[in-house]
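Heads up, the thing below is written out as structure tokens.
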Amino acid sequence: MFKKDFPIFDTPLIYLDSAASAQKPKMVVEALSDFYLKDYSNVHRGTCELANRATRMYESARKSVAEFIVADEKEIVFTKGATEAINMVATGYEQLLKPDDEVLVSISEHHANFVPWQQLCLKTGAKFCIFNMKEDGSWDLDDFKAKLNENTKIVAVSVMSNVLGIINPVKKLTDMAHQFGAKVLLDGAQSVAHIPTNVKDFGCDYFVFSGHKIYGPTGIGVLYGAMEALEVLPPYQFGGDMVKDVFIDKTTFADLPAKLEAGTPPIAEAIALQSALNYIQNIGWEEIQKNEKQVFDYLIQKLKNIHQIQFLGNPDIKTGLVSFNIKGIHPNDISMILAKQNVCVRVGHHCAMPIHQFWGVNASIRASLGLYNTTEDVDLFISALQKAIGFFK
Ligand code: PMP
């Protein structure tokens with residue numbers, strides 16, 4: 001239904017890899033090129049109309065992001081992606097953590113929300129704690145409760161796992177963490193394209209996502225922080241645009257969010273991200289979710305009919321993406337044959353090795369949906385998959 005908005009689908013392509021990166025609607029690419037062709041200037045610096053216009057457009061993008069996740073503009077920091085946003089917070093906590101403190105993450109995190117915390121703990125001497133999931137892939141909240149205590153300073157978890165596709169009960173977890181005074185960072189890199197985001201409802205202190213997974217460009221991401229949570233973060237980088245006054249012997253820093261946006265920001269990317277958010281809002285979440293559920297249910301039903309299939313987690317509690325293996329065949333072998341048939345899926349550990357270790361496998365095949373996918377894509381994918389399986393019989 002929505003494929004017509006995405007020029008890449010003008011030629012045949014079965015794209016089931018939106019969790020890695022989503023395709024771009026024409027209007028997003030046009031927003032990017034229009035800005036460069038008609039409105040381009042640096043921001044926050046010039047006095048001419050062009051510079052003022054670029055600044056207005058960049059700040060209007062910030063406003064749109066704030067509205068999209070139900071936050072205030074001052075709470076939105078543009079970054080180059082979710083990874084940089086998480087690193088900004090983790091690096092900030094290098095100055096805030098003590099050796100007895102603890103950081104708690106789930107076993108199902110993407111490396112981007114795992115390694116920065118692990119490294120932070122190695123640097124500060126704080127304890128890196130991990131809570132488990134159950135066999136069905138849902139979080140083991142008893143284990144979470146057992147690991148949460150008054151030493152826990154940060155809880156960092158994803159709203160939706162990039163391997164399991166399970167929407168996690170983040171509100172419940174955030175409430176529990178706050179009872180112990182811990183700050184909560186939610187990784188929304190996957191969830192933003194599948195469910196509406198309301199950081200106030202989530203009750204989190206930090207929320208991050210990347211533009212490219214929500215039909216926007218690469219090179220742009222968002223760090224949301226509740227004001228007091230952002231205020232404790234020291235500057236991540238030093239340079240232009242993040243200072244108030246610079247003297248030979250000292251520097252004072254700009255107010256938020258500028259304090260955390262050193263140097264020339266990703267201006268065109270922010271403006272194109274705004275266009276992607278407009279695209280989503282024009283369709284509406286109800287329509288997006290209805291269409292996705294129909295295609296996803298169909299995909300799961302078809303996959304269940306393959307008798308050698310081994311799902312990672314319970315397929316009936318997933319949204320938008322599914323990871324699996326075919327018993328007796330290496331996922332790389334399957335993917336090579338799928339690739340020859342013009343089917344794009346992701347194969348490997350999907351930057352989440354601990355989750356694969358939990359199930360005792362090195363890799364899996366992941367099929368993930370975007371709002372453009374149809375049941376016809378599923379049929380073509382399943383027949384390509386059957387062909388691949390048949391090849392190894
Ligand atoms: N978290 C999750 C759950 C992800 O899926 C990804 C991207 N695969 C990231 C974080 C990192 O996003 P980026 O590479 O855009 O910074």
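Letters A, B, ... mark the chains of the structure tokens in the order given; residue numbers begin at 1 per chain; ligand numbers begin at 1, in order shown.
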
**OP:** Can you pull out every residue within 7 Å of segment 14-27 of chain A, counting only C-alpha atoms, but drop anything in the same chain fewer than 4 positions away, and send it as a PyMOL selection string?
**Re:** chain A and resi 5-7+31+162+190+212-216+275+342-346+367-370+377

Subject >> All residues having an atom within 9 Å of ligand 1 (only C-alpha atoms and all ligand atoms) as a ChimeraX atom specification >> reply: /A:19-21,80-86,109-113,157-163,187-191,208-213,218-221,350-352

Serialized selection, N, CA, C and O atoms, as a compact mmCIF listing (two decimals), in the first residue's frame:
```txt
# COMPACT_ATOMS: atom_id res chain seq x y z
N ALA A 19 14.87 -3.57 10.27
CA ALA A 19 15.44 -3.41 11.61
C ALA A 19 16.90 -2.97 11.52
O ALA A 19 17.42 -2.32 12.43
N ALA A 20 17.56 -3.33 10.41
CA ALA A 20 18.95 -2.86 10.21
C ALA A 20 18.91 -1.40 9.77
O ALA A 20 19.63 -0.55 10.30
N SER A 21 18.06 -1.11 8.80
CA SER A 21 17.84 0.27 8.37
C SER A 21 16.61 0.29 7.46
O SER A 21 16.46 -0.62 6.64
N LYS A 80 24.60 11.73 16.33
CA LYS A 80 24.66 11.10 15.00
C LYS A 80 23.95 9.75 14.97
O LYS A 80 23.86 9.13 13.93
N GLY A 81 23.42 9.32 16.07
CA GLY A 81 22.67 8.06 16.09
C GLY A 81 22.41 7.61 17.51
O GLY A 81 22.85 8.26 18.47
N ALA A 82 21.72 6.49 17.63
CA ALA A 82 21.43 5.94 18.96
C ALA A 82 22.72 5.57 19.68
O ALA A 82 22.87 5.81 20.89
N THR A 83 23.67 5.02 18.93
CA THR A 83 24.94 4.61 19.54
C THR A 83 25.63 5.81 20.18
O THR A 83 26.08 5.74 21.33
N GLU A 84 25.71 6.91 19.44
CA GLU A 84 26.38 8.08 20.01
C GLU A 84 25.60 8.61 21.22
O GLU A 84 26.19 9.05 22.20
N ALA A 85 24.28 8.55 21.15
CA ALA A 85 23.47 9.06 22.26
C ALA A 85 23.73 8.25 23.53
O ALA A 85 23.88 8.81 24.63
N ILE A 86 23.82 6.93 23.39
CA ILE A 86 24.08 6.09 24.58
C ILE A 86 25.49 6.37 25.11
O ILE A 86 25.70 6.50 26.32
N GLU A 109 20.26 -6.95 25.29
CA GLU A 109 20.58 -5.65 24.68
C GLU A 109 21.43 -5.79 23.41
O GLU A 109 22.25 -6.69 23.29
N HIS A 110 21.22 -4.86 22.51
CA HIS A 110 22.12 -4.64 21.37
C HIS A 110 23.48 -4.21 21.95
O HIS A 110 23.54 -3.58 23.00
N HIS A 111 24.57 -4.53 21.26
CA HIS A 111 25.90 -4.15 21.77
C HIS A 111 25.99 -2.65 22.07
O HIS A 111 26.73 -2.24 22.96
N ALA A 112 25.23 -1.84 21.31
CA ALA A 112 25.28 -0.38 21.53
C ALA A 112 24.76 0.00 22.92
O ALA A 112 25.09 1.07 23.44
N ASN A 113 23.92 -0.86 23.51
CA ASN A 113 23.40 -0.58 24.85
C ASN A 113 23.95 -1.59 25.86
O ASN A 113 23.32 -1.84 26.88
N VAL A 157 18.02 -0.34 29.17
CA VAL A 157 17.32 -1.45 28.50
C VAL A 157 16.62 -0.96 27.23
O VAL A 157 16.32 0.22 27.08
N SER A 158 16.34 -1.92 26.35
CA SER A 158 15.66 -1.55 25.11
C SER A 158 14.14 -1.67 25.27
O SER A 158 13.65 -2.55 25.98
N VAL A 159 13.44 -0.80 24.58
CA VAL A 159 11.97 -0.91 24.57
C VAL A 159 11.58 -2.12 23.73
O VAL A 159 10.64 -2.84 24.06
N MET A 160 12.35 -2.37 22.67
CA MET A 160 12.08 -3.51 21.80
C MET A 160 13.41 -4.10 21.35
O MET A 160 14.26 -3.37 20.82
N SER A 161 13.57 -5.38 21.59
CA SER A 161 14.84 -6.03 21.22
C SER A 161 14.97 -6.15 19.71
O SER A 161 13.99 -6.46 19.02
N ASN A 162 16.19 -5.95 19.20
CA ASN A 162 16.40 -6.05 17.75
C ASN A 162 16.54 -7.50 17.28
O ASN A 162 16.64 -7.74 16.10
N VAL A 163 16.54 -8.45 18.23
CA VAL A 163 16.60 -9.86 17.85
C VAL A 163 15.26 -10.54 18.10
O VAL A 163 14.83 -11.39 17.34
N ASP A 187 16.47 2.37 25.27
CA ASP A 187 16.95 2.34 23.90
C ASP A 187 15.73 2.09 23.00
O ASP A 187 15.17 1.00 22.97
N GLY A 188 15.35 3.14 22.29
CA GLY A 188 14.16 3.05 21.44
C GLY A 188 14.50 2.85 19.97
O GLY A 188 13.65 3.06 19.10
N ALA A 189 15.74 2.41 19.68
CA ALA A 189 16.18 2.30 18.28
C ALA A 189 15.22 1.46 17.44
O ALA A 189 14.94 1.80 16.29
N GLN A 190 14.71 0.37 18.02
CA GLN A 190 13.79 -0.47 17.25
C GLN A 190 12.33 -0.06 17.46
O GLN A 190 11.54 -0.09 16.52
N SER A 191 11.99 0.31 18.66
CA SER A 191 10.56 0.54 18.96
C SER A 191 9.98 1.74 18.22
O SER A 191 8.80 1.74 17.86
N VAL A 208 16.71 7.09 23.65
CA VAL A 208 17.53 7.33 22.44
C VAL A 208 16.93 6.63 21.24
O VAL A 208 16.27 5.59 21.37
N PHE A 209 17.15 7.21 20.06
CA PHE A 209 16.82 6.50 18.82
C PHE A 209 17.64 7.07 17.66
O PHE A 209 18.27 8.12 17.78
N SER A 210 17.60 6.34 16.54
CA SER A 210 18.33 6.74 15.32
C SER A 210 17.33 7.11 14.23
O SER A 210 16.31 6.42 14.08
N GLY A 211 17.67 8.10 13.43
CA GLY A 211 16.78 8.50 12.34
C GLY A 211 16.61 7.45 11.26
O GLY A 211 15.53 7.27 10.70
N HIS A 212 17.68 6.72 10.98
CA HIS A 212 17.64 5.84 9.79
C HIS A 212 16.72 4.63 9.95
O HIS A 212 16.37 4.00 8.95
N LYS A 213 16.34 4.32 11.19
CA LYS A 213 15.44 3.16 11.37
C LYS A 213 13.98 3.59 11.32
O LYS A 213 13.07 2.78 11.44
N THR A 218 20.57 8.59 7.51
CA THR A 218 21.62 8.19 8.43
C THR A 218 22.27 9.46 8.99
O THR A 218 22.01 10.57 8.52
N GLY A 219 23.10 9.29 9.99
CA GLY A 219 23.87 10.43 10.52
C GLY A 219 23.10 11.32 11.47
O GLY A 219 23.57 12.39 11.83
N ILE A 220 21.91 10.90 11.86
CA ILE A 220 21.13 11.70 12.83
C ILE A 220 20.48 10.76 13.84
O ILE A 220 19.95 9.72 13.49
N GLY A 221 20.57 11.16 15.08
CA GLY A 221 19.92 10.41 16.15
C GLY A 221 19.48 11.37 17.22
O GLY A 221 19.72 12.59 17.11
N HIS A 350 23.48 -10.07 14.78
CA HIS A 350 22.71 -8.82 14.81
C HIS A 350 23.21 -7.87 15.91
O HIS A 350 22.40 -7.19 16.57
N CYS A 351 24.53 -7.84 16.13
CA CYS A 351 25.12 -6.99 17.18
C CYS A 351 24.50 -7.29 18.54
O CYS A 351 24.27 -6.36 19.34
N ALA A 352 24.19 -8.54 18.77
CA ALA A 352 23.64 -8.94 20.07
C ALA A 352 24.15 -10.35 20.37
O ALA A 352 23.38 -11.32 20.34
```

Residues of segment 250-318 of chain A that have any atom at most 6 Å from an atom of segment 231-239 of chain A: could you tabulate them with the shortest-distance atom pair and the distance in Å to one decimal, using only C-alpha atoms, ordered by chain and increasing number, as a Markdown table?
```
| residue | atom | partner | partner_atom | distance |
| --- | --- | --- | --- | --- |
| A:Leu260 | CA | A:Pro235 | CA | 5.4 |
| A:Ala262 | CA | A:Gly239 | CA | 5.4 |
| A:Gly263 | CA | A:Gly239 | CA | 5.8 |
```

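The residue that comes closest to Val28 of chain A, out of A:Gln386, A:Asn305, A:Ser323, A:Gln274 and on the basis of only C-alpha atoms, is A:Gln274.
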
Within 9 Å of Trp139 of chain A, counting only C-alpha atoms, which residues qualify if same-chain residues fewer than 2 places away don't, as a short mmCIF file (atom, residue, chain, number, x, y, z; two decimals) with C-alpha atoms, in the first residue's frame?
```cif
data_model
loop_
_atom_site.label_atom_id
_atom_site.label_comp_id
_atom_site.auth_asym_id
_atom_site.auth_seq_id
_atom_site.Cartn_x
_atom_site.Cartn_y
_atom_site.Cartn_z
CA SER A 106 19.33 -6.93 30.24
CA ILE A 107 20.98 -9.89 28.53
CA SER A 108 18.99 -9.05 25.40
CA PHE A 131 19.40 -9.59 34.35
CA ASN A 132 18.14 -12.54 32.39
CA MET A 133 15.28 -13.30 30.09
CA LYS A 134 13.00 -16.32 30.09
CA ASP A 136 10.18 -17.30 25.60
CA GLY A 137 12.41 -14.19 25.26
CA LEU A 141 11.40 -9.56 36.10
CA ASP A 142 12.12 -11.65 39.21
CA ASP A 143 15.77 -11.66 38.21
CA PHE A 144 15.56 -7.92 37.54
CA ASN A 168 9.28 -4.93 26.83
CA PRO A 169 7.33 -3.76 29.92
#
```

Original post:
Leaving out segment 288-300 of chain A and any residue of its chain fewer than 5 positions from it, which residues lie within 8 Å of it when counting only C-alpha atoms, given as a VMD selection string?
Top reply: chain A and resid 194 to 195 283 315 to 316 319 to 321 369 to 371 373 to 375 378

**OP:** From a DSSP calculation on the backbone, collect every residue of segment 176-288 of chain A in strand (DSSP E or B) and output the set as a ChimeraX atom specification.
**Re:** /A:183-187,206-210,221-225,243-246,251-253

Atoms to include: C-alpha atoms. Write the selected residues as a PDB file, in the first residue's frame.
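This went into selection_33.pdb:
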```pdb
ATOM      1  CA  LYS A 183      18.194   6.523  36.421  1.00  0.00           C
ATOM      2  CA  VAL A 184      16.694   4.682  33.456  1.00  0.00           C
ATOM      3  CA  LEU A 185      17.906   4.874  29.856  1.00  0.00           C
ATOM      4  CA  LEU A 186      15.581   3.366  27.271  1.00  0.00           C
ATOM      5  CA  ASP A 187      16.950   2.336  23.904  1.00  0.00           C
ATOM      6  CA  TYR A 206      16.834   9.085  28.939  1.00  0.00           C
ATOM      7  CA  PHE A 207      15.495   7.805  25.614  1.00  0.00           C
ATOM      8  CA  VAL A 208      17.533   7.331  22.442  1.00  0.00           C
ATOM      9  CA  PHE A 209      16.824   6.499  18.819  1.00  0.00           C
ATOM     10  CA  SER A 210      18.331   6.738  15.319  1.00  0.00           C
ATOM     11  CA  GLY A 221      19.921  10.405  16.148  1.00  0.00           C
ATOM     12  CA  VAL A 222      18.294  11.713  19.280  1.00  0.00           C
ATOM     13  CA  LEU A 223      19.101  11.777  22.936  1.00  0.00           C
ATOM     14  CA  TYR A 224      16.105  12.743  25.029  1.00  0.00           C
ATOM     15  CA  GLY A 225      16.799  13.494  28.646  1.00  0.00           C
ATOM     16  CA  VAL A 243      30.242  27.433  24.814  1.00  0.00           C
ATOM     17  CA  LYS A 244      29.032  30.610  26.488  1.00  0.00           C
ATOM     18  CA  ASP A 245      32.378  32.366  27.090  1.00  0.00           C
ATOM     19  CA  VAL A 246      35.904  31.253  26.414  1.00  0.00           C
ATOM     20  CA  THR A 251      35.382  28.189  29.477  1.00  0.00           C
ATOM     21  CA  THR A 252      31.756  28.423  30.461  1.00  0.00           C
ATOM     22  CA  PHE A 253      29.272  26.265  28.626  1.00  0.00           C
TER      23      PHE A 253
END
```

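Every protein, DNA or RNA residue with an atom at most 9 Å from Val65 of chain A, where only C-alpha atoms count and chain neighbours fewer than 2 positions away do not, is listed here: Ser60, Ala61, Arg62, Lys63, Glu67, Phe68, Ile69, Val70, Ala71, Glu73, Ile76, Val222, Leu273, Gln274 and Leu277 of chain A.
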
Residues of segment 191-391 of chain A classed as helix (DSSP H, G or I) by DSSP on the backbone are to be reported as a compact mmCIF listing (two decimals) with N, CA and C atoms, in the first residue's frame.
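out.txt was written with the following content:
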```
# COMPACT_ATOMS: atom_id res chain seq x y z
N SER A 191 11.99 0.31 18.66
CA SER A 191 10.56 0.54 18.96
C SER A 191 9.98 1.74 18.22
N VAL A 192 10.79 2.78 17.97
CA VAL A 192 10.23 4.03 17.41
C VAL A 192 9.46 3.83 16.11
N ALA A 193 9.86 2.83 15.32
CA ALA A 193 9.18 2.64 14.04
C ALA A 193 7.95 1.74 14.15
N VAL A 199 7.63 9.48 26.07
CA VAL A 199 8.66 9.32 27.12
C VAL A 199 8.09 9.62 28.51
N LYS A 200 7.02 10.42 28.54
CA LYS A 200 6.41 10.73 29.84
C LYS A 200 5.70 9.47 30.37
N ASP A 201 5.01 8.76 29.47
CA ASP A 201 4.35 7.51 29.88
C ASP A 201 5.39 6.45 30.27
N PHE A 202 6.48 6.39 29.51
CA PHE A 202 7.54 5.42 29.85
C PHE A 202 8.14 5.78 31.22
N GLY A 211 17.67 8.10 13.43
CA GLY A 211 16.78 8.50 12.34
C GLY A 211 16.61 7.45 11.26
N HIS A 212 17.68 6.72 10.98
CA HIS A 212 17.64 5.84 9.79
C HIS A 212 16.72 4.63 9.95
N LYS A 213 16.34 4.32 11.19
CA LYS A 213 15.44 3.16 11.37
C LYS A 213 13.98 3.59 11.32
N ILE A 214 13.77 4.89 11.22
CA ILE A 214 12.39 5.40 11.22
C ILE A 214 12.14 6.17 9.92
N MET A 227 15.06 17.08 32.00
CA MET A 227 15.99 18.19 32.21
C MET A 227 17.06 17.90 33.27
N GLU A 228 16.61 17.37 34.43
CA GLU A 228 17.61 17.16 35.50
C GLU A 228 18.58 16.03 35.14
N ALA A 229 18.13 15.11 34.28
CA ALA A 229 19.01 14.00 33.87
C ALA A 229 20.03 14.50 32.84
N LEU A 230 19.64 15.45 32.02
CA LEU A 230 20.60 16.03 31.05
C LEU A 230 21.59 16.95 31.76
N GLU A 231 21.06 17.66 32.77
CA GLU A 231 21.92 18.64 33.44
C GLU A 231 23.14 18.02 34.12
N ALA A 258 22.38 22.98 23.63
CA ALA A 258 23.60 23.33 22.89
C ALA A 258 24.86 22.77 23.57
N LYS A 259 24.84 22.73 24.89
CA LYS A 259 26.02 22.23 25.64
C LYS A 259 26.45 20.84 25.16
N LEU A 260 25.49 20.06 24.69
CA LEU A 260 25.81 18.69 24.26
C LEU A 260 25.88 18.55 22.73
N ILE A 267 22.65 19.17 10.16
CA ILE A 267 21.53 20.08 9.91
C ILE A 267 20.53 19.47 8.90
N ALA A 268 21.07 19.11 7.73
CA ALA A 268 20.19 18.57 6.68
C ALA A 268 19.52 17.28 7.17
N GLU A 269 20.27 16.49 7.93
CA GLU A 269 19.74 15.21 8.42
C GLU A 269 18.60 15.44 9.42
N ALA A 270 18.75 16.46 10.26
CA ALA A 270 17.69 16.76 11.22
C ALA A 270 16.41 17.19 10.48
N ILE A 271 16.60 17.98 9.44
CA ILE A 271 15.46 18.48 8.66
C ILE A 271 14.78 17.33 7.92
N ALA A 272 15.59 16.41 7.41
CA ALA A 272 15.01 15.24 6.72
C ALA A 272 14.35 14.29 7.72
N LEU A 273 14.89 14.22 8.93
CA LEU A 273 14.24 13.39 9.97
C LEU A 273 12.86 13.96 10.27
N GLN A 274 12.76 15.28 10.30
CA GLN A 274 11.46 15.91 10.53
C GLN A 274 10.47 15.46 9.45
N SER A 275 10.97 15.39 8.22
CA SER A 275 10.10 14.97 7.13
C SER A 275 9.65 13.51 7.32
N ALA A 276 10.57 12.66 7.82
CA ALA A 276 10.21 11.26 8.08
C ALA A 276 9.13 11.16 9.17
N LEU A 277 9.26 12.00 10.18
CA LEU A 277 8.26 11.98 11.26
C LEU A 277 6.91 12.47 10.73
N ASN A 278 6.97 13.46 9.84
CA ASN A 278 5.72 13.94 9.22
C ASN A 278 5.08 12.83 8.40
N TYR A 279 5.93 12.09 7.69
CA TYR A 279 5.43 10.99 6.86
C TYR A 279 4.65 9.98 7.73
N ILE A 280 5.26 9.62 8.84
CA ILE A 280 4.61 8.65 9.75
C ILE A 280 3.30 9.23 10.30
N GLN A 281 3.38 10.49 10.71
CA GLN A 281 2.17 11.08 11.30
C GLN A 281 1.05 11.26 10.29
N ASN A 282 1.43 11.51 9.04
CA ASN A 282 0.40 11.64 8.01
C ASN A 282 -0.34 10.33 7.80
N ILE A 283 0.38 9.22 7.89
CA ILE A 283 -0.30 7.92 7.75
C ILE A 283 -1.07 7.61 9.03
N TRP A 285 -0.49 6.20 13.32
CA TRP A 285 -0.06 4.96 13.98
C TRP A 285 -1.07 3.84 13.84
N GLU A 286 -2.35 4.20 13.88
CA GLU A 286 -3.39 3.16 13.82
C GLU A 286 -3.25 2.35 12.53
N GLU A 287 -3.09 3.08 11.44
CA GLU A 287 -2.97 2.47 10.12
C GLU A 287 -1.67 1.66 10.02
N ILE A 288 -0.59 2.25 10.51
CA ILE A 288 0.73 1.59 10.45
C ILE A 288 0.68 0.27 11.22
N GLN A 289 0.14 0.33 12.43
CA GLN A 289 0.14 -0.87 13.28
C GLN A 289 -0.82 -1.93 12.76
N LYS A 290 -1.94 -1.48 12.22
CA LYS A 290 -2.93 -2.44 11.68
C LYS A 290 -2.32 -3.21 10.51
N ASN A 291 -1.70 -2.47 9.61
CA ASN A 291 -1.08 -3.08 8.43
C ASN A 291 0.06 -4.01 8.83
N GLU A 292 0.90 -3.53 9.74
CA GLU A 292 2.06 -4.33 10.16
C GLU A 292 1.61 -5.62 10.84
N LYS A 293 0.60 -5.54 11.68
CA LYS A 293 0.14 -6.73 12.41
C LYS A 293 -0.38 -7.79 11.42
N GLN A 294 -1.09 -7.31 10.43
CA GLN A 294 -1.65 -8.24 9.45
C GLN A 294 -0.51 -8.97 8.71
N VAL A 295 0.49 -8.22 8.26
CA VAL A 295 1.60 -8.82 7.52
C VAL A 295 2.44 -9.70 8.45
N PHE A 296 2.65 -9.23 9.67
CA PHE A 296 3.50 -9.98 10.61
C PHE A 296 2.83 -11.29 11.03
N ASP A 297 1.55 -11.24 11.34
CA ASP A 297 0.83 -12.47 11.72
C ASP A 297 0.92 -13.50 10.58
N TYR A 298 0.80 -13.01 9.37
CA TYR A 298 0.87 -13.88 8.19
C TYR A 298 2.26 -14.50 8.08
N LEU A 299 3.29 -13.68 8.32
CA LEU A 299 4.67 -14.17 8.27
C LEU A 299 4.90 -15.27 9.31
N ILE A 300 4.45 -15.04 10.52
CA ILE A 300 4.66 -16.03 11.60
C ILE A 300 3.92 -17.32 11.28
N GLN A 301 2.70 -17.17 10.80
CA GLN A 301 1.90 -18.35 10.45
C GLN A 301 2.63 -19.19 9.37
N LYS A 302 3.17 -18.52 8.38
CA LYS A 302 3.89 -19.22 7.30
C LYS A 302 5.17 -19.87 7.82
N LEU A 303 5.89 -19.14 8.68
CA LEU A 303 7.14 -19.69 9.21
C LEU A 303 6.87 -20.92 10.09
N LYS A 304 5.77 -20.88 10.83
CA LYS A 304 5.43 -22.01 11.72
C LYS A 304 5.20 -23.29 10.92
N PRO A 315 7.32 -17.01 19.13
CA PRO A 315 6.92 -16.15 18.00
C PRO A 315 5.60 -15.42 18.24
N ASP A 316 4.79 -15.92 19.17
CA ASP A 316 3.46 -15.32 19.36
C ASP A 316 3.47 -14.04 20.19
N ILE A 317 4.64 -13.68 20.74
CA ILE A 317 4.67 -12.43 21.54
C ILE A 317 5.56 -11.37 20.88
N PRO A 331 22.83 -20.60 9.04
CA PRO A 331 22.10 -19.43 8.54
C PRO A 331 22.79 -18.72 7.39
N ASN A 332 24.13 -18.72 7.37
CA ASN A 332 24.84 -18.07 6.25
C ASN A 332 24.52 -18.74 4.92
N ASP A 333 24.39 -20.07 4.96
CA ASP A 333 24.09 -20.80 3.73
C ASP A 333 22.70 -20.42 3.23
N ILE A 334 21.77 -20.32 4.18
CA ILE A 334 20.40 -19.91 3.80
C ILE A 334 20.43 -18.51 3.19
N SER A 335 21.15 -17.62 3.85
CA SER A 335 21.09 -16.22 3.41
C SER A 335 21.71 -16.04 2.03
N MET A 336 22.73 -16.86 1.72
CA MET A 336 23.34 -16.72 0.39
C MET A 336 22.33 -17.07 -0.70
N ILE A 337 21.54 -18.09 -0.42
CA ILE A 337 20.56 -18.49 -1.45
C ILE A 337 19.39 -17.47 -1.49
N LEU A 338 19.06 -16.93 -0.33
CA LEU A 338 18.02 -15.88 -0.32
C LEU A 338 18.50 -14.66 -1.10
N ALA A 339 19.76 -14.30 -0.90
CA ALA A 339 20.32 -13.11 -1.56
C ALA A 339 20.26 -13.26 -3.08
N LYS A 340 20.52 -14.48 -3.54
CA LYS A 340 20.48 -14.73 -5.00
C LYS A 340 19.08 -14.52 -5.55
N MET A 353 25.44 -10.44 20.64
CA MET A 353 26.03 -11.76 20.90
C MET A 353 25.53 -12.38 22.20
N PRO A 354 25.39 -11.61 23.30
CA PRO A 354 24.93 -12.26 24.54
C PRO A 354 23.59 -12.97 24.39
N ILE A 355 22.70 -12.42 23.60
CA ILE A 355 21.39 -13.04 23.44
C ILE A 355 21.52 -14.38 22.69
N HIS A 356 22.43 -14.43 21.73
CA HIS A 356 22.64 -15.68 20.99
C HIS A 356 23.33 -16.71 21.89
N GLN A 357 24.24 -16.22 22.73
CA GLN A 357 24.90 -17.13 23.68
C GLN A 357 23.86 -17.75 24.61
N PHE A 358 22.84 -16.97 25.00
CA PHE A 358 21.77 -17.46 25.88
C PHE A 358 21.12 -18.71 25.27
N THR A 375 1.79 -8.81 2.37
CA THR A 375 1.72 -10.28 2.46
C THR A 375 2.34 -10.91 1.20
N GLU A 376 2.35 -10.17 0.12
CA GLU A 376 2.99 -10.68 -1.10
C GLU A 376 4.51 -10.82 -0.88
N ASP A 377 5.10 -9.86 -0.18
CA ASP A 377 6.53 -9.98 0.17
C ASP A 377 6.76 -11.25 0.97
N VAL A 378 5.83 -11.51 1.91
CA VAL A 378 5.97 -12.70 2.76
C VAL A 378 5.91 -13.95 1.90
N ASP A 379 4.97 -14.01 0.98
CA ASP A 379 4.85 -15.19 0.10
C ASP A 379 6.15 -15.41 -0.68
N LEU A 380 6.70 -14.33 -1.23
CA LEU A 380 7.93 -14.46 -2.02
C LEU A 380 9.11 -14.88 -1.13
N PHE A 381 9.14 -14.33 0.08
CA PHE A 381 10.19 -14.70 1.04
C PHE A 381 10.09 -16.18 1.41
N ILE A 382 8.90 -16.61 1.72
CA ILE A 382 8.71 -18.02 2.16
C ILE A 382 9.07 -18.96 1.01
N SER A 383 8.68 -18.61 -0.20
CA SER A 383 9.00 -19.54 -1.29
C SER A 383 10.52 -19.54 -1.54
N ALA A 384 11.19 -18.39 -1.38
CA ALA A 384 12.66 -18.35 -1.50
C ALA A 384 13.31 -19.17 -0.38
N LEU A 385 12.74 -19.07 0.80
CA LEU A 385 13.27 -19.82 1.95
C LEU A 385 13.10 -21.32 1.75
N GLN A 386 11.94 -21.70 1.25
CA GLN A 386 11.68 -23.13 0.98
C GLN A 386 12.69 -23.65 -0.05
N LYS A 387 12.97 -22.82 -1.04
CA LYS A 387 13.93 -23.21 -2.08
C LYS A 387 15.31 -23.43 -1.45
N ALA A 388 15.70 -22.51 -0.57
CA ALA A 388 17.00 -22.61 0.10
C ALA A 388 17.07 -23.88 0.95
N ILE A 389 16.00 -24.16 1.68
CA ILE A 389 15.98 -25.36 2.53
C ILE A 389 16.07 -26.61 1.65
N GLY A 390 15.31 -26.59 0.55
CA GLY A 390 15.29 -27.73 -0.37
C GLY A 390 16.68 -28.01 -0.94
N PHE A 391 17.45 -26.97 -1.16
CA PHE A 391 18.77 -27.09 -1.73
C PHE A 391 19.70 -27.94 -0.83
```

Subject >> Residue with smallest distance to Ser364 of chain A - pool A:Lys250, A:Leu164, A:Asp205, A:Pro196, counting only C-alpha atoms >> reply: A:Leu164

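In terms of minimum interatomic distance to Asp100 of chain A, A:Ala126 ranks closest within A:Ile154, A:Val43, A:Leu120, A:Ala126, counting only C-alpha atoms.
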
**OP:** State, in Å with one decimal place, the distance from atom CA of Lys147 of chain A to atom CA of Glu102 of chain A.
**Re:** 9.5 Å

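Using only C-alpha atoms, the shortest contact distance between Gly328 of chain A and any of A:Lys393, A:Gln119, A:Leu37, A:Tyr372 is found at A:Lys393.
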